[in-house]
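Peer 1: This is the structure I want to talk about, given as structure tokens.
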Amino acid sequence: AGLKGLTLRARAGPVRQILEQAMIRLPLTMRRIHPDISDTQLFGGPDIAATLAEGRLAGDRGLAETPALLILPMAERAAPGLAARLGAILDRGQGHGLVLLDEGIDDDENAPAALSDRLAFHTNLNDTRWSDARMILPAPGDIDAARSLLSRVTSTATDAATLTALA
């Protein structure tokens with residue numbers, strides 16, 4: 001969550017499926033969302049069915065309430081409004097992460113830059129053959145150790161400029 005997530009450019013298929021199966025093994029709560037997700041589903045609001053059943057106003061907590069890794073397939077179809085709302089969730093720093101599954105075919109079909117710019121990792125698997133696709137994850141203890149060290153990482157403006165130039 002400290003690194004915010006990943007933009008993965010890959011069409012649906014066996015190569016991307018290998019990555020998605022590996023992500024399932026991560027010790028994280030994951031929620032798959034749709035590009036047309038409503039504000040009520042994201043941020044909560046009245047639950048109409050429960051309100052009618054109980055005879056009183058009942059609310060529903062949204063996905064933003066509980067930290068999770070949000071997985072957005074068809075990210076290239078995400079509307080600017082959704083990108084802004086997901087960006088706001090990430091900016092709160094409450095432990096959310098985001099995986100953008102960018103399935104765009106043409107160069108002009110991309111996940112929203114407003115979201116991609118917030119994510120630490122960007123990968124393109126479109127030229128990866130199935131026979132070359134392997135996913136090796138670190139041990140859960142290694143992930144926990146790295147997570148505990150992340151809060152002690154510091155950087156200066158010079159470090160950011162140097163990393164940007166190297167990238």
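Please note that chains go A, B, ... in the order of the structure tokens, that every chain numbers its residues from 1, and that ligands are numbered from 1 in the order shown.
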Considering only C-alpha atoms, return as a list in words whatever protein or nucleic-acid residues lie within 8 Å of region 75-89 of chain A, sequence-local ones (same chain, fewer than 6 positions apart) excluded.
Peer 2: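 The contact residues come out as Pro35, Asp36, Ala64, His96, Leu100, Leu101, Asp102, Glu103, Gly104, Glu109, Asn110, Ala111, Pro112, Ala114, Leu115 and Arg118 of chain A.
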Peer 1: How would the residues just chosen look if you wrote them out with N, CA, C and O atoms as a compact mmCIF listing (two decimals), in the first residue's frame?
Peer 2:
# COMPACT_ATOMS: atom_id res chain seq x y z
N PRO A 35 -15.21 -0.76 -13.98
CA PRO A 35 -15.06 0.64 -14.38
C PRO A 35 -16.32 1.48 -14.20
O PRO A 35 -16.25 2.69 -14.16
N ASP A 36 -17.47 0.85 -14.08
CA ASP A 36 -18.73 1.58 -13.87
C ASP A 36 -19.19 1.52 -12.41
O ASP A 36 -20.38 1.73 -12.15
N ALA A 64 -14.18 1.90 0.11
CA ALA A 64 -13.13 2.80 0.58
C ALA A 64 -12.97 2.74 2.10
O ALA A 64 -11.95 3.17 2.63
N HIS A 96 -4.85 1.59 1.15
CA HIS A 96 -5.36 1.04 -0.10
C HIS A 96 -4.25 0.94 -1.13
O HIS A 96 -3.31 1.74 -1.14
N LEU A 100 -4.17 -1.58 -11.83
CA LEU A 100 -4.88 -1.22 -13.06
C LEU A 100 -4.56 -2.27 -14.12
O LEU A 100 -3.40 -2.42 -14.51
N LEU A 101 -5.56 -3.01 -14.55
CA LEU A 101 -5.39 -3.98 -15.62
C LEU A 101 -5.76 -3.29 -16.92
O LEU A 101 -6.92 -3.17 -17.27
N ASP A 102 -4.74 -2.77 -17.59
CA ASP A 102 -4.92 -1.99 -18.81
C ASP A 102 -4.91 -2.96 -19.99
O ASP A 102 -3.90 -3.56 -20.30
N GLU A 103 -6.07 -3.11 -20.62
CA GLU A 103 -6.22 -4.05 -21.72
C GLU A 103 -6.22 -3.36 -23.08
O GLU A 103 -6.63 -3.96 -24.08
N GLY A 104 -5.79 -2.11 -23.12
CA GLY A 104 -5.81 -1.35 -24.35
C GLY A 104 -4.99 -2.00 -25.45
O GLY A 104 -3.95 -2.60 -25.19
N GLU A 109 -5.14 3.97 -26.21
CA GLU A 109 -6.00 3.33 -25.21
C GLU A 109 -5.16 3.00 -23.99
O GLU A 109 -4.43 2.00 -23.98
N ASN A 110 -5.21 3.84 -22.97
CA ASN A 110 -4.39 3.66 -21.78
C ASN A 110 -5.21 3.89 -20.52
O ASN A 110 -6.22 4.60 -20.54
N ALA A 111 -4.72 3.33 -19.43
CA ALA A 111 -5.31 3.63 -18.12
C ALA A 111 -5.12 5.12 -17.86
O ALA A 111 -4.16 5.73 -18.36
N PRO A 112 -6.02 5.74 -17.10
CA PRO A 112 -5.90 7.18 -16.84
C PRO A 112 -4.55 7.53 -16.19
O PRO A 112 -4.13 6.92 -15.22
N ALA A 114 -3.90 10.02 -14.45
CA ALA A 114 -4.11 10.50 -13.08
C ALA A 114 -3.97 9.37 -12.07
O ALA A 114 -3.61 9.62 -10.91
N LEU A 115 -4.21 8.15 -12.47
CA LEU A 115 -4.02 6.99 -11.59
C LEU A 115 -2.65 6.37 -11.78
O LEU A 115 -1.96 6.07 -10.81
N ARG A 118 0.29 7.75 -9.89
CA ARG A 118 0.33 7.53 -8.44
C ARG A 118 0.92 6.16 -8.08
O ARG A 118 1.22 5.92 -6.93
Peer 1: Would you kindly return, as a list in words, each protein, DNA or RNA residue with an atom no farther than 12 Å from any atom of Gln94 (chain A), considering only C-alpha atoms and excluding same-chain residues fewer than 2 positions away?
Peer 2: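 Within the cut-off, the hits are Ala1, Gly2, Lys4, Ala64, Glu65, Thr66, Pro67, Ala68, Leu69, Ala88, Ile89, Leu90, Asp91, Arg92, His96 and Gly97 of chain A.
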Peer 1: Can you write just those residues out, N, CA and C atoms, as a PDB file, in the first residue's frame?
Peer 2:
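Result file follows (selection-v4.pdb):
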ATOM      1  N   ALA A   1       0.821  -1.200   0.000  1.00  0.00           N
ATOM      2  CA  ALA A   1       0.000   0.000   0.000  1.00  0.00           C
ATOM      3  C   ALA A   1       0.860   1.256   0.000  1.00  0.00           C
ATOM      4  N   GLY A   2       2.038   1.213   0.621  1.00  0.00           N
ATOM      5  CA  GLY A   2       2.907   2.380   0.630  1.00  0.00           C
ATOM      6  C   GLY A   2       3.390   2.747  -0.763  1.00  0.00           C
ATOM      7  N   LYS A   4       1.484   2.132  -3.440  1.00  0.00           N
ATOM      8  CA  LYS A   4       0.192   2.404  -4.097  1.00  0.00           C
ATOM      9  C   LYS A   4      -0.262   1.347  -5.078  1.00  0.00           C
ATOM     10  N   ALA A  64     -14.184   1.898   0.111  1.00  0.00           N
ATOM     11  CA  ALA A  64     -13.126   2.801   0.581  1.00  0.00           C
ATOM     12  C   ALA A  64     -12.969   2.742   2.100  1.00  0.00           C
ATOM     13  N   GLU A  65     -13.945   2.191   2.774  1.00  0.00           N
ATOM     14  CA  GLU A  65     -13.927   2.147   4.237  1.00  0.00           C
ATOM     15  C   GLU A  65     -12.872   1.186   4.780  1.00  0.00           C
ATOM     16  N   THR A  66     -12.644   0.081   4.084  1.00  0.00           N
ATOM     17  CA  THR A  66     -11.718  -0.948   4.544  1.00  0.00           C
ATOM     18  C   THR A  66     -10.533  -1.030   3.593  1.00  0.00           C
ATOM     19  N   PRO A  67      -9.306  -0.866   4.103  1.00  0.00           N
ATOM     20  CA  PRO A  67      -8.133  -0.944   3.222  1.00  0.00           C
ATOM     21  C   PRO A  67      -8.074  -2.274   2.467  1.00  0.00           C
ATOM     22  N   ALA A  68      -7.814  -2.183   1.186  1.00  0.00           N
ATOM     23  CA  ALA A  68      -7.733  -3.363   0.335  1.00  0.00           C
ATOM     24  C   ALA A  68      -6.952  -3.019  -0.927  1.00  0.00           C
ATOM     25  N   LEU A  69      -6.563  -4.050  -1.622  1.00  0.00           N
ATOM     26  CA  LEU A  69      -5.970  -3.884  -2.940  1.00  0.00           C
ATOM     27  C   LEU A  69      -7.120  -3.926  -3.937  1.00  0.00           C
ATOM     28  N   ALA A  88      -8.319   9.872  -5.057  1.00  0.00           N
ATOM     29  CA  ALA A  88      -8.586  10.427  -3.716  1.00  0.00           C
ATOM     30  C   ALA A  88      -8.478   9.346  -2.654  1.00  0.00           C
ATOM     31  N   ILE A  89      -8.953   8.140  -2.967  1.00  0.00           N
ATOM     32  CA  ILE A  89      -8.834   7.027  -2.017  1.00  0.00           C
ATOM     33  C   ILE A  89      -7.367   6.712  -1.758  1.00  0.00           C
ATOM     34  N   LEU A  90      -6.562   6.660  -2.811  1.00  0.00           N
ATOM     35  CA  LEU A  90      -5.129   6.385  -2.646  1.00  0.00           C
ATOM     36  C   LEU A  90      -4.439   7.500  -1.865  1.00  0.00           C
ATOM     37  N   ASP A  91      -4.820   8.747  -2.129  1.00  0.00           N
ATOM     38  CA  ASP A  91      -4.171   9.892  -1.496  1.00  0.00           C
ATOM     39  C   ASP A  91      -4.462   9.981   0.001  1.00  0.00           C
ATOM     40  N   ARG A  92      -5.525   9.361   0.460  1.00  0.00           N
ATOM     41  CA  ARG A  92      -5.835   9.384   1.891  1.00  0.00           C
ATOM     42  C   ARG A  92      -4.778   8.656   2.718  1.00  0.00           C
ATOM     43  N   HIS A  96      -4.853   1.590   1.151  1.00  0.00           N
ATOM     44  CA  HIS A  96      -5.365   1.045  -0.102  1.00  0.00           C
ATOM     45  C   HIS A  96      -4.249   0.940  -1.132  1.00  0.00           C
ATOM     46  N   GLY A  97      -4.381  -0.033  -2.002  1.00  0.00           N
ATOM     47  CA  GLY A  97      -3.522  -0.168  -3.167  1.00  0.00           C
ATOM     48  C   GLY A  97      -4.408  -0.333  -4.386  1.00  0.00           C
TER      49      GLY A  97
END
Peer 1: Please return, as a list of chain:residue names, all residues of chain A that DSSP assigns to strand (DSSP E) on the basis of the backbone.
Peer 2: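 Across chain A, those assigned strand (DSSP E) are A:Gly5, A:Leu6, A:Thr7, A:Leu8, A:Arg9, A:Met30, A:Arg31, A:Arg32, A:Gly45, A:Pro46, A:Gly59, A:Asp60, A:Leu69, A:Leu70, A:Ile71, A:Leu72, A:Pro73, A:Gly97, A:Leu98, A:Val99, A:Leu100, A:Leu101, A:Asp102, A:Phe121, A:His122, A:Thr123, A:Asn124.
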Peer 1: Can you list, as a PyMOL selection string, every residue of chain A that DSSP puts in helix (DSSP H, G or I)?
Peer 2: chain A and resi 14-24+39-43+48-54+63-65+75-77+80-91+113-116+130-132+140-150+157-166
Peer 1: Quick one: everything within 12 Å of Ala146 (chain A), counting only C-alpha atoms, minus sequence neighbours fewer than 6 positions away in the same chain. Send it as a PDB file with C-alpha atoms, in the first residue's frame.
Peer 2:
ATOM      1  CA  ALA A   1       0.000   0.000   0.000  1.00  0.00           C
ATOM      2  CA  GLY A   2       2.907   2.380   0.630  1.00  0.00           C
ATOM      3  CA  LEU A   3       3.856   2.023  -3.036  1.00  0.00           C
ATOM      4  CA  PRO A 138       8.799 -13.344  -2.075  1.00  0.00           C
ATOM      5  CA  ALA A 139       8.014 -15.286   1.083  1.00  0.00           C
ATOM      6  CA  PRO A 140       5.298 -13.672   3.268  1.00  0.00           C
ATOM      7  CA  ARG A 152      11.991   4.420   7.743  1.00  0.00           C
ATOM      8  CA  VAL A 153      12.823   5.209   4.111  1.00  0.00           C
TER       9      VAL A 153
END
Peer 1: Report the distance between CA of His34 (chain A) and CA of Ile71 (chain A) in Å, rounded to one decimal place.
Peer 2: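 Going from CA of His34 (chain A) over to CA of Ile71 (chain A), I get 8.5 Å.
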Peer 1: One decimal, Å: what's the distance from CA of Ser116 (chain A) over to CA of Leu6 (chain A), could you say?
Peer 2: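 Computed distance, CA of Ser116 (chain A) to CA of Leu6 (chain A), equals 7.8 Å.
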